[in-house]
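Listing of run-v3.txt, compact mmCIF, C-alpha atoms
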# COMPACT_ATOMS: atom_id res chain seq x y z
CA MET H 22 36.13 -50.36 26.51
CA GLY H 23 36.29 -51.76 30.05
CA LYS H 24 32.81 -51.93 31.54
CA LEU H 25 31.23 -50.56 28.35
CA LYS H 26 30.05 -53.24 25.94
CA ILE H 27 27.87 -50.96 23.76
CA PHE H 28 27.81 -47.17 23.65
CA GLU H 29 26.13 -45.80 20.53
CA ILE H 30 23.67 -43.28 19.11
CA SER H 31 20.88 -44.35 16.73
CA PHE H 32 18.48 -42.20 14.71
CA GLY H 33 14.79 -42.97 14.44
CA ASN H 34 14.64 -42.65 10.66
CA GLY H 35 17.66 -44.90 10.04
CA SER H 36 19.13 -42.74 7.28
CA GLY H 37 20.24 -39.81 9.42
CA VAL H 38 18.94 -37.38 6.77
CA TYR H 39 16.87 -34.39 7.92
CA PHE H 40 15.56 -31.07 6.68
CA PRO H 41 15.46 -27.74 8.54
CA GLY H 42 12.50 -27.75 10.92
CA ASN H 43 12.46 -31.57 11.26
CA ALA H 44 12.61 -33.36 14.61
CA VAL H 45 15.81 -35.37 15.07
CA ASP H 46 14.79 -38.28 17.23
CA GLY H 47 16.49 -41.47 18.28
CA HIS H 48 18.07 -43.09 21.30
CA VAL H 49 21.37 -43.66 23.07
CA THR H 50 22.11 -47.29 23.93
CA ILE H 51 24.50 -48.22 26.73
CA GLU H 52 25.24 -51.82 27.64
CA LEU H 53 27.40 -52.34 30.73
CA LYS H 54 29.23 -55.49 31.79
CA LYS H 55 29.27 -54.12 35.34
CA SER H 56 27.55 -51.20 37.02
CA MET H 57 29.18 -47.81 36.41
CA LYS H 58 29.31 -44.71 38.58
CA MET H 59 28.88 -41.43 36.72
CA ARG H 60 27.94 -37.86 37.47
CA GLY H 61 25.84 -37.70 34.36
CA LEU H 62 25.09 -38.85 30.85
CA ARG H 63 24.82 -35.78 28.61
CA LEU H 64 23.78 -35.44 24.98
CA LYS H 65 24.88 -32.49 22.85
CA PHE H 66 23.34 -31.33 19.55
CA GLU H 67 25.68 -29.12 17.56
CA GLY H 68 25.52 -27.50 14.15
CA LYS H 69 28.25 -25.22 12.83
CA ALA H 70 30.32 -24.13 9.85
CA HIS H 71 34.08 -23.82 10.12
CA VAL H 72 36.86 -22.85 7.71
CA TYR H 73 40.58 -23.15 8.41
CA TRP H 74 43.78 -23.11 6.37
CA SER H 75 47.38 -21.90 6.47
CA GLU H 76 49.60 -20.12 3.96
CA GLU H 77 53.36 -19.65 3.88
CA SER H 78 55.14 -16.46 2.89
CA GLY H 79 58.82 -15.67 2.40
CA THR H 80 61.82 -17.98 2.11
CA GLY H 81 64.53 -19.38 4.37
CA ASP H 82 64.76 -17.77 7.79
CA ASP H 83 62.15 -15.21 6.76
CA LYS H 84 59.51 -17.83 6.02
CA LYS H 85 56.32 -17.28 7.99
CA THR H 86 53.13 -19.28 8.29
CA TYR H 87 49.81 -17.47 8.52
CA TYR H 88 46.66 -19.15 9.80
CA TYR H 89 43.14 -18.25 8.76
CA SER H 90 39.86 -19.43 10.23
CA ALA H 91 36.24 -18.56 10.90
CA THR H 92 33.34 -20.30 12.65
CA GLU H 93 29.58 -19.89 12.39
CA LYS H 94 27.29 -21.52 14.96
CA TYR H 95 23.75 -22.63 14.10
CA PHE H 96 22.79 -24.42 17.33
CA ASP H 97 24.50 -25.84 20.40
CA GLN H 98 22.20 -27.51 22.91
CA GLU H 99 22.92 -30.02 25.64
CA VAL H 100 20.42 -32.25 27.45
CA LEU H 101 20.80 -34.47 30.50
CA LEU H 102 19.80 -38.11 29.99
CA PHE H 103 20.87 -39.47 33.39
CA GLY H 104 22.45 -38.13 36.59
CA ILE H 105 23.06 -34.46 37.40
CA TRP H 106 24.55 -31.37 35.74
CA PRO H 107 28.13 -30.42 36.75
CA ASN H 108 26.91 -27.29 38.59
CA GLN H 109 24.51 -29.35 40.70
CA GLY H 110 27.24 -31.08 42.69
CA SER H 111 29.71 -33.94 42.43
CA GLU H 112 27.65 -36.86 43.73
CA ALA H 113 27.93 -39.85 41.42
CA LYS H 114 24.94 -41.89 40.34
CA GLU H 115 25.21 -45.60 39.61
CA LEU H 116 23.93 -47.07 36.37
CA PRO H 117 23.32 -50.82 36.82
CA SER H 118 24.84 -53.45 34.53
CA GLY H 119 22.85 -54.51 31.48
CA ARG H 120 21.38 -52.62 28.54
CA HIS H 121 19.86 -49.14 28.90
CA THR H 122 18.12 -47.05 26.26
CA PHE H 123 17.68 -43.27 26.53
CA PRO H 124 15.37 -41.65 23.95
CA PHE H 125 15.94 -38.11 22.66
CA GLN H 126 14.37 -35.55 20.36
CA PHE H 127 15.63 -32.22 19.05
CA ILE H 128 13.76 -29.80 16.77
CA LEU H 129 16.03 -28.37 14.10
CA PRO H 130 15.87 -24.62 13.49
CA LEU H 131 14.68 -23.30 10.15
CA GLY H 132 17.10 -21.72 7.69
CA LEU H 133 19.96 -24.18 8.21
CA PRO H 134 22.48 -24.64 5.36
CA SER H 135 23.05 -28.05 3.78
CA SER H 136 25.75 -30.30 5.16
CA TYR H 137 29.07 -29.86 3.38
CA GLU H 138 32.54 -31.36 3.82
CA ALA H 139 35.82 -30.26 2.24
CA GLY H 140 39.49 -30.33 3.13
CA ILE H 141 39.57 -26.80 4.57
CA GLY H 142 36.01 -26.25 5.70
CA TYR H 143 32.68 -27.80 6.51
CA VAL H 144 29.06 -27.35 7.51
CA ARG H 145 28.60 -30.14 10.03
CA TYR H 146 25.85 -31.46 12.29
CA ILE H 147 26.68 -33.89 15.11
CA VAL H 148 25.08 -35.54 18.11
CA THR H 149 27.61 -36.33 20.85
CA CYS H 150 26.99 -38.31 24.04
CA ASN H 151 29.39 -38.01 26.96
CA ILE H 152 29.66 -40.08 30.15
CA ASP H 153 30.92 -37.80 32.94
CA ARG H 154 32.81 -40.08 35.34
CA PRO H 155 34.43 -38.83 38.58
CA TRP H 156 38.23 -39.10 38.57
CA LYS H 157 38.28 -41.26 35.41
CA PHE H 158 38.41 -40.77 31.65
CA ASP H 159 35.09 -39.76 30.07
CA PRO H 160 33.88 -42.07 27.27
CA LYS H 161 32.29 -40.22 24.37
CA THR H 162 30.44 -41.34 21.24
CA LYS H 163 29.57 -39.25 18.18
CA ARG H 164 27.11 -39.57 15.33
CA PRO H 165 26.95 -37.07 12.45
CA PHE H 166 23.78 -36.49 10.49
CA THR H 167 22.96 -34.79 7.21
CA ILE H 168 20.89 -31.64 6.75
CA ILE H 169 19.49 -30.93 3.29
CA ALA H 170 18.28 -27.41 2.62
CA LEU H 171 15.74 -27.44 -0.20
CA LEU H 172 16.78 -25.43 -3.24
CA ASP H 173 13.67 -25.57 -5.45
CA LEU H 174 14.65 -24.85 -9.04
CA ASN H 175 11.08 -23.75 -9.74
CA GLN H 176 11.69 -20.78 -7.44
CA GLN H 177 15.00 -19.79 -9.03
CA PRO H 178 14.95 -17.22 -11.86
CA ASN H 179 16.47 -18.16 -15.23
CA CYS H 180 16.67 -21.91 -14.53
CA MET H 181 14.76 -22.61 -17.76
CA GLN H 182 16.89 -20.21 -19.79
CA PRO H 183 19.07 -21.80 -22.52
CA LEU H 184 22.77 -20.94 -22.43
CA GLN H 185 24.99 -20.36 -25.45
CA ALA H 186 28.41 -18.78 -25.93
CA THR H 187 31.21 -18.68 -28.52
CA SER H 188 34.94 -18.35 -28.01
CA LYS H 189 37.87 -18.11 -30.43
CA LYS H 190 41.66 -18.11 -30.15
CA HIS H 191 44.79 -18.29 -32.31
CA LEU H 192 47.64 -20.68 -31.61
CA CYS H 193 51.13 -19.27 -32.02
CA CYS H 194 54.16 -21.30 -32.98
CA LEU H 195 57.42 -19.28 -32.86
CA CYS H 196 56.75 -16.25 -35.05
CA CYS H 197 53.83 -17.77 -36.92
CA LYS H 198 50.20 -17.40 -36.00
CA SER H 199 47.93 -20.18 -37.22
CA GLY H 200 44.30 -19.99 -38.17
CA PRO H 201 41.80 -19.79 -35.32
CA ILE H 202 40.19 -22.51 -33.29
CA GLU H 203 36.59 -21.62 -32.51
CA ALA H 204 33.87 -23.26 -30.42
CA THR H 205 30.20 -22.57 -29.83
CA PHE H 206 28.83 -24.31 -26.73
CA LYS H 207 25.18 -24.54 -25.71
CA ILE H 208 22.91 -26.32 -23.25
CA GLU H 209 19.12 -26.40 -23.03
CA ARG H 210 18.74 -24.73 -19.62
CA GLN H 211 20.57 -23.53 -16.53
CA GLY H 212 18.98 -25.51 -13.66
CA PHE H 213 19.48 -29.21 -12.84
CA VAL H 214 19.36 -31.68 -9.94
CA PRO H 215 21.79 -34.52 -9.15
CA GLY H 216 20.94 -37.55 -11.28
CA GLU H 217 19.90 -35.45 -14.27
CA ALA H 218 21.82 -35.64 -17.54
CA ILE H 219 22.90 -32.38 -19.12
CA LYS H 220 22.72 -32.66 -22.90
CA LEU H 221 25.80 -31.07 -24.44
CA PHE H 222 25.82 -29.34 -27.81
CA ALA H 223 28.87 -27.77 -29.42
CA GLU H 224 30.38 -26.94 -32.78
CA ILE H 225 34.17 -26.83 -32.89
CA SER H 226 36.20 -25.57 -35.83
CA ASN H 227 39.93 -26.26 -35.87
CA GLY H 228 41.27 -23.80 -38.43
CA SER H 229 44.83 -24.22 -37.15
CA ASN H 230 47.64 -26.37 -38.50
CA ARG H 231 47.74 -28.39 -35.30
CA LYS H 232 45.75 -31.37 -34.15
CA MET H 233 43.46 -30.92 -31.13
CA SER H 234 44.16 -33.85 -28.80
CA LYS H 235 40.57 -33.82 -27.51
CA SER H 236 37.60 -31.73 -26.52
CA TYR H 237 35.94 -32.27 -23.16
CA VAL H 238 33.31 -30.82 -20.85
CA ASP H 239 34.02 -30.53 -17.13
CA LEU H 240 31.61 -29.88 -14.29
CA LYS H 241 33.52 -27.79 -11.77
CA MET H 242 32.55 -27.21 -8.14
CA ILE H 243 33.89 -23.82 -7.04
CA SER H 244 33.96 -23.39 -3.26
CA THR H 245 34.73 -20.04 -1.65
CA PHE H 246 35.92 -20.08 1.97
CA ARG H 247 35.79 -16.81 3.91
CA ALA H 248 37.96 -16.40 7.00
CA THR H 249 38.04 -13.27 9.14
CA ASN H 250 40.51 -11.43 6.91
CA LYS H 251 41.15 -13.73 3.95
CA THR H 252 39.24 -15.54 1.20
CA LYS H 253 40.28 -18.77 -0.49
CA ILE H 254 38.76 -20.31 -3.64
CA VAL H 255 39.06 -24.03 -4.35
CA VAL H 256 38.07 -25.50 -7.74
CA ARG H 257 37.33 -29.20 -8.02
CA ASN H 258 36.36 -31.11 -11.16
CA VAL H 259 33.52 -33.50 -10.31
CA ALA H 260 32.50 -34.93 -13.70
CA ARG H 261 33.84 -35.07 -17.25
CA VAL H 262 32.76 -36.14 -20.74
CA THR H 263 35.35 -36.36 -23.54
CA ARG H 264 35.28 -36.52 -27.34
CA PRO H 265 38.06 -37.75 -29.67
CA PRO H 266 40.86 -35.70 -31.29
CA ILE H 267 40.14 -33.10 -33.99
CA GLU H 268 42.50 -33.11 -36.95
CA LYS H 269 43.95 -29.84 -38.29
CA GLN H 270 41.70 -27.88 -40.62
CA SER H 271 38.64 -29.93 -39.59
CA GLU H 272 35.54 -29.73 -37.43
CA ASP H 273 33.77 -31.68 -34.72
CA THR H 274 30.25 -31.59 -33.25
CA TRP H 275 28.77 -32.45 -29.89
CA SER H 276 25.24 -33.70 -30.58
CA GLY H 277 23.62 -34.16 -27.19
CA GLU H 278 26.24 -36.21 -25.36
CA GLU H 279 25.21 -36.52 -21.72
CA LEU H 280 26.98 -35.47 -18.54
CA VAL H 281 25.18 -36.91 -15.51
CA ILE H 282 25.34 -34.76 -12.38
CA PRO H 283 26.68 -36.79 -9.44
CA PRO H 284 25.48 -36.38 -5.82
CA LEU H 285 26.55 -32.86 -4.84
CA PRO H 286 25.51 -30.11 -2.40
CA PRO H 287 23.08 -27.52 -3.77
CA SER H 288 24.37 -24.28 -5.26
CA PHE H 289 25.00 -21.30 -3.00
CA LEU H 290 24.93 -23.23 0.31
CA ALA H 291 22.20 -20.82 1.43
CA GLY H 292 22.24 -20.06 5.15
CA CYS H 293 26.03 -20.22 5.46
CA ASN H 294 27.97 -16.93 5.42
CA ILE H 295 31.51 -18.32 5.36
CA ILE H 296 31.25 -20.95 2.58
CA ASP H 297 29.75 -20.47 -0.87
CA VAL H 298 29.36 -23.17 -3.55
CA ARG H 299 28.93 -22.55 -7.28
CA TYR H 300 29.04 -24.80 -10.33
CA VAL H 301 30.55 -24.13 -13.75
CA LEU H 302 30.09 -26.30 -16.82
CA GLN H 303 33.01 -25.71 -19.16
CA LEU H 304 33.85 -26.85 -22.70
CA ASN H 305 37.59 -27.18 -23.32
CA VAL H 306 39.37 -27.69 -26.64
CA ASP H 307 42.84 -29.06 -25.89
CA PRO H 308 45.61 -28.47 -28.47
CA SER H 309 48.29 -31.13 -28.80
CA GLY H 310 51.71 -30.03 -27.57
CA LEU H 311 52.18 -26.61 -26.00
CA GLY H 312 49.23 -24.26 -25.83
CA LEU H 313 46.41 -23.30 -23.51
CA ASP H 314 42.94 -24.76 -23.93
CA LEU H 315 40.16 -22.85 -25.58
CA GLU H 316 37.53 -22.51 -22.83
CA VAL H 317 33.80 -21.81 -22.96
CA PRO H 318 32.29 -21.74 -19.42
CA PHE H 319 28.71 -21.47 -18.10
CA GLU H 320 27.55 -21.13 -14.50
CA ILE H 321 24.73 -23.58 -13.82
CA ILE H 322 22.50 -24.04 -10.76
CA ILE H 323 22.29 -27.41 -9.01
CA GLY H 324 19.19 -27.70 -6.85
CA SER H 325 17.53 -30.33 -4.67
CA VAL H 326 14.00 -30.06 -6.14
CA PRO H 327 13.71 -30.54 -9.92
CA LEU H 328 11.86 -28.34 -12.39
CA MET H 329 8.21 -29.26 -12.85
CA SER H 330 8.65 -29.34 -16.62
CA VAL H 331 11.40 -31.94 -16.26
CA VAL H 332 9.42 -34.17 -13.88
CA GLN H 333 6.52 -34.24 -16.36
CA MET H 334 8.83 -35.70 -19.03
CA PHE H 335 9.22 -38.91 -17.02
CA PRO H 336 6.61 -41.54 -16.15
CA PRO H 337 5.50 -41.93 -12.50
CA MET H 338 8.21 -43.66 -10.53
CA LEU H 339 8.26 -46.06 -7.62
CA PRO H 340 9.95 -44.86 -4.43
CA PRO H 341 13.64 -45.65 -3.87
CA PRO H 342 14.58 -49.01 -2.24
CA GLN H 343 14.78 -47.75 1.35
CA ILE H 344 11.18 -46.49 1.15
CA MET H 345 10.01 -49.58 -0.75
CA ASP H 346 11.31 -51.75 2.10
CA ARG H 347 9.10 -49.86 4.55
CA MET H 348 6.10 -50.25 2.25
CA TYR H 349 6.64 -54.00 1.89
CA ALA H 350 6.74 -54.23 5.67
CA TRP H 351 3.36 -52.48 5.77
CA GLY H 352 2.00 -54.84 3.09
CA THR H 353 1.19 -52.08 0.58
CA VAL H 354 3.20 -51.49 -2.60
CA PRO H 355 1.51 -48.94 -4.88
CA SER H 356 2.18 -48.63 -8.59
CA ALA H 357 2.21 -44.83 -8.30
CA PRO H 358 4.78 -42.67 -6.50
CA ALA H 359 4.93 -42.77 -2.72
CA THR H 360 2.30 -40.83 -0.83
CA GLU H 361 3.12 -37.63 0.96
CA ASP H 362 3.65 -39.23 4.35
CA LEU H 363 6.47 -41.39 2.95
CA TYR H 364 8.62 -38.40 2.08
CA PRO H 365 11.23 -37.30 4.59
CA TYR H 366 9.97 -33.77 3.84
CA PRO H 367 6.70 -32.42 2.39
CA PRO H 368 6.93 -32.63 -1.42
CA PRO H 369 6.73 -29.22 -3.11
CA SER H 370 3.16 -28.38 -3.98
CA GLY H 371 2.06 -28.20 -7.58
CA ILE H 372 4.50 -30.82 -8.90
CA PRO H 373 2.56 -33.96 -9.86
CA ASN H 374 4.34 -37.33 -9.82
CA LEU H 375 7.43 -35.91 -8.13
CA PRO H 376 9.42 -39.02 -7.21
CA PRO H 377 11.04 -39.15 -3.78
CA PRO H 378 14.77 -39.14 -4.46
CA SER H 379 17.29 -41.60 -3.17
CA TYR H 380 20.05 -40.18 -0.97
CA ASN H 381 23.54 -40.91 -2.27
CA GLU H 382 26.93 -40.16 -0.75
CA CYS H 383 28.63 -37.06 -2.10
CA ILE H 384 31.15 -37.78 -4.83
CA THR H 385 33.84 -35.76 -3.03
CA GLY H 386 34.51 -38.63 -0.62
CA ARG H 387 34.82 -39.44 3.07
CA TYR H 388 36.23 -37.14 5.76
CA ASN H 389 37.57 -37.69 9.25
CA ILE H 390 35.43 -35.62 11.63
CA THR H 391 37.44 -35.88 14.83
CA GLU H 392 37.92 -32.51 16.49
CA GLU H 393 39.84 -30.89 19.31
CA GLY H 394 38.86 -32.65 22.53
CA ASP H 395 38.40 -36.06 20.90
CA ASP H 396 40.82 -38.74 22.09
CA GLU H 397 41.27 -42.51 22.27
CA HIS H 398 38.08 -42.70 24.36
CA THR H 399 35.98 -41.18 21.57
CA THR H 400 34.00 -43.73 19.56
CA GLY H 401 31.12 -43.71 17.11
CA LYS H 402 31.04 -42.73 13.45
CA LEU H 403 34.25 -40.72 13.07
CA GLU H 404 34.38 -40.80 9.28
CA TYR H 405 31.56 -39.22 7.37
CA THR H 406 30.27 -38.40 3.90
CA PRO H 407 27.20 -36.16 3.47
CA VAL H 408 24.40 -37.54 1.32
CA TYR H 409 22.30 -35.54 -1.14
CA PRO H 410 19.07 -36.09 -3.10
CA TYR H 411 19.70 -38.04 -6.30
CA TYR H 412 16.96 -38.41 -8.91
CA ASN H 413 17.78 -41.64 -10.69
CA TRP H 414 16.08 -41.30 -14.05
CA GLY H 415 17.97 -44.17 -15.62
CA HIS H 416 21.18 -42.31 -16.42
CA THR H 417 24.68 -43.69 -15.96
CA PRO H 418 26.98 -41.26 -14.12
CA GLY H 419 29.81 -39.83 -16.19
CA ALA H 420 33.48 -40.42 -15.53
CA LEU H 421 35.48 -38.48 -13.02
CA PRO H 422 38.18 -36.29 -14.50
CA ASP H 423 41.66 -37.82 -14.78
CA GLY H 424 43.03 -38.54 -11.34
CA GLY H 425 39.62 -38.21 -9.70
CA ALA H 426 39.89 -34.39 -9.67
For the file at hand, write its structure as C-alpha cells.
Amino acid sequence: MGKLKIFEISFGNGSGVYFPGNAVDGHVTIELKKSMKMRGLRLKFEGKAHVYWSEESGTGDDKKTYYYSATEKYFDQEVLLFGIWPNQGSEAKELPSGRHTFPFQFILPLGLPSSYEAGIGYVRYIVTCNIDRPWKFDPKTKRPFTIIALLDLNQQPNCMQPLQATSKKHLCCLCCKSGPIEATFKIERQGFVPGEAIKLFAEISNGSNRKMSKSYVDLKMISTFRATNKTKIVVRNVARVTRPPIEKQSEDTWSGEELVIPPLPPSFLAGCNIIDVRYVLQLNVDPSGLGLDLEVPFEIIIGSVPLMSVVQMFPPMLPPPQIMDRMYAWGTVPSAPATEDLYPYPPPSGIPNLPPPSYNECITGRYNITEEGDDEHTTGKLEYTPVYPYYNWGHTPGALPDGGA
C-alpha cells in the first residue's frame, strides 16, 4: 500500500448492527509510513437497493440478451474529514506520518428496509472513505453495516392464527389410476422469529399401490425482484425436515417434529419497493419413481420481535455473549435479562422478560460487494453477510435441503 500502513473504518458498537433512527458512529484510522499529500479525505454514507439480471431470447444468430435493473436510494451523504472539497480548489494538504484517527457520526433515517443480499439484488448500507490525491491513484476503503427494520409480530394481524389445509391426488401408471394419496398439514400459528422451532403436524394416507420415498417439510424464501419493466421471482429452500418412506396402502403421522428457523431477513422487506420477501412452509409427499409431489403450502410471517405469548413460555434469559462481555467489563452480571440500555434498540413495550437476541449471519451466505468504480486500490471488508436477530431458545437448527438449496 506504499505509504499507507493502515487505512480502515471502525464502528463504535463493534457489531456494525443498527436500526433505523440510530446514530452510526465510529472512526477512520490512517497510519502513514511517510507524510502524504492529499486534496482531501472524504467519507461517504450510502444506503440503496439495487436489482439487476439478464435474460436470453431466441437461438443462433437471432439470440438476444436483455438486461433488467432498478435502483432505489435511501441516503447518500458525504462529509469531509481532512483537506478541502474538490470545488474549493486543487491545493494539496499534507498529512504527517504516523497514526491519525478521524471520528464520524451519521444519523440514519427512519423507515429504512432491512439489509438483504442475493445473487441478483440487494439492500445494502456502506461507509466508504476515499483519499483524494493529486495526480495519483486514490486509495479507498469500505465497510458495510447491517440495518434491521423491526417487524413486531405483535403488531401483525393473524400471527396467532393456526393454519391447516388438506390436499389429495391420484397417481397414474399407464392407463391405471391408483388410490389417492392424501395429506392434512397443520401448524399452531402463522408468526415466528429466527431461532424459534415450528412444530409440524400432519396426517398422510398413502392409498396408492406405490411406496412414498419420503415426506418432508421445506421452508422456502420467495424473493421478488422488480426492475423497471420486468419482475423476477427466485425461490430458495432454507431449511428442511424429513420423515421416512411410507409403504403402499399405509399411513404416517407428523407429531410435532421441529423445524428451526435459521437467521433470515424479516418478511416483506418493508421500506423497499423493488424487492419483496415472503416465506412459505410446505409439506411434500414424494412418490418413488415418476410422479409429482403432493404439496400442502402455507405462507408464514418471519419477524424480528417475537410474540408476547411465546416469550412468556420461556424463563428469563441472560443476554447473548457479546453483551455479557460488556457487563463483565463493568463488573455487573445480573441474573435477569439485560436492562434497557444494553439493547441496541429500545425493547418493545409491554413484553416482559424479552431477551435481547444474538445477531447471526444469514444462512444464505457471503457476497462480494465490490461495485463499479472499485479497483485494486479498494480495500476494507469486500465480502459481506447480513446478520439478523436470532432468539436462541435451546433449539438445534434443522438441516439445509439437499445441496444447500
Pull the closest atom pair for each residue of range 166-244 of chain H that gets at most 12 Å from range 280-296 of chain H, along with the distance in Å to one decimal, counting all atoms listed in the file, ordering rows by chain and then ascending residue number, as a tab-separated table.
residue	atom	partner	partner_atom	distance
H:Thr167	CA	H:Pro286	CA	11.0
H:Ile168	CA	H:Pro286	CA	10.4
H:Ile169	CA	H:Pro286	CA	8.3
H:Ala170	CA	H:Ala291	CA	7.8
H:Leu171	CA	H:Pro287	CA	8.2
H:Leu172	CA	H:Pro287	CA	6.7
H:Asp173	CA	H:Pro287	CA	9.8
H:Leu174	CA	H:Pro287	CA	10.3
H:Gln177	CA	H:Ser288	CA	11.1
H:Ile208	CA	H:Leu280	CA	11.1
H:Gln211	CA	H:Ser288	CA	11.9
H:Gly212	CA	H:Ser288	CA	10.1
H:Phe213	CA	H:Ile282	CA	8.1
H:Val214	CA	H:Ile282	CA	7.2
H:Pro215	CA	H:Ile282	CA	4.8
H:Gly216	CA	H:Ile282	CA	5.3
H:Glu217	CA	H:Val281	CA	5.6
H:Ala218	CA	H:Val281	CA	4.1
H:Ile219	CA	H:Leu280	CA	5.2
H:Lys220	CA	H:Leu280	CA	6.7
H:Leu221	CA	H:Leu280	CA	7.5
H:Phe222	CA	H:Leu280	CA	11.2
H:Tyr237	CA	H:Leu280	CA	10.6
H:Val238	CA	H:Leu280	CA	8.2
H:Asp239	CA	H:Leu280	CA	8.7
H:Leu240	CA	H:Ile282	CA	8.2
H:Lys241	CA	H:Ile282	CA	10.8
H:Met242	CA	H:Leu285	CA	8.9
H:Ile243	CA	H:Ser288	CA	9.7
H:Ser244	CA	H:Ile296	CA	6.9
Near range 138-158 of chain H, 8 Å: range 376-420 of chain H residue rows, closest pairs, all atoms listed in the file, as a Markdown table:
| residue | atom | partner | partner_atom | distance |
| --- | --- | --- | --- | --- |
| H:Thr385 | CA | H:Ala139 | CA | 7.9 |
| H:Tyr388 | CA | H:Glu138 | CA | 7.1 |
| H:His398 | CA | H:Phe158 | CA | 7.5 |
| H:Thr406 | CA | H:Glu138 | CA | 7.4 |
| H:Pro407 | CA | H:Glu138 | CA | 7.2 |
In Å, how far is it from CA of Thr399 in chain H to CA of Ile105 in chain H?
->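 Spanning CA of Thr399 in chain H to CA of Ile105 in chain H is a straight-line distance of 21.5 Å.
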Show me a table, sorted first by chain and then by increasing residue number, of the residues of range 151-226 of chain H having an atom at most 12 Å from range 310-316 of chain H, each with its shortest atom pair and the distance in Å to one decimal, counting all atoms listed in the file and written as a Markdown table.
| residue | atom | partner | partner_atom | distance |
| --- | --- | --- | --- | --- |
| H:Ala186 | CA | H:Glu316 | CA | 10.3 |
| H:Thr187 | CA | H:Glu316 | CA | 9.3 |
| H:Ser188 | CA | H:Glu316 | CA | 7.1 |
| H:Lys189 | CA | H:Leu315 | CA | 7.2 |
| H:Lys190 | CA | H:Leu315 | CA | 6.8 |
| H:His191 | CA | H:Leu315 | CA | 9.4 |
| H:Leu192 | CA | H:Gly312 | CA | 7.0 |
| H:Cys193 | CA | H:Gly312 | CA | 8.2 |
| H:Cys194 | CA | H:Leu311 | CA | 9.0 |
| H:Leu195 | CA | H:Leu311 | CA | 11.3 |
| H:Pro201 | CA | H:Leu315 | CA | 10.3 |
| H:Ile202 | CA | H:Leu315 | CA | 7.7 |
| H:Glu203 | CA | H:Leu315 | CA | 7.9 |
| H:Ala204 | CA | H:Leu315 | CA | 7.9 |
| H:Thr205 | CA | H:Glu316 | CA | 10.1 |
| H:Phe206 | CA | H:Glu316 | CA | 9.7 |
| H:Ile225 | CA | H:Leu315 | CA | 10.3 |
| H:Ser226 | CA | H:Leu315 | CA | 11.3 |
May I ask for the distance between CA of Asn413 in chain H and CA of Ser379 in chain H, given in Å to one decimal place?
->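 The value is 7.5 Å.
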Using all atoms listed in the file, which residue out of H:Ala223, H:Cys383, H:Ile323, H:Leu302 lies closest to Trp275 in chain H?
-> H:Ala223
Near range 43-59 of chain H, within 8 Å and counting all atoms listed in the file, which residues show up once chain neighbours fewer than 3 positions away are dropped, as a PyMOL selection string?
-> chain H and resi 24-34+39-40+62+104+113-129+150+152-155
For CA of Pro410 in chain H and CA of Glu392 in chain H, quote the distance in Å rounded to one decimal.
-> 27.4 Å
For Asn227 in chain H: contacts at 6 Å, only C-alpha atoms, fewer than 4 positions along chain excluded, given as a list in words =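 Residues near the query, excluding close chain neighbours: Ile202, Lys269, Gln270, Ser271 and Glu272 of chain H.
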As lines of an AutoDock Vina configuration file: centre and edge lengths in Å, one decimal, of the axis-aligned box holding range 389-393 of chain H with 5 Å per side:
center_x = 37.6
center_y = -34.3
center_z = 14.3
size_x = 14.4
size_y = 16.8
size_z = 20.1
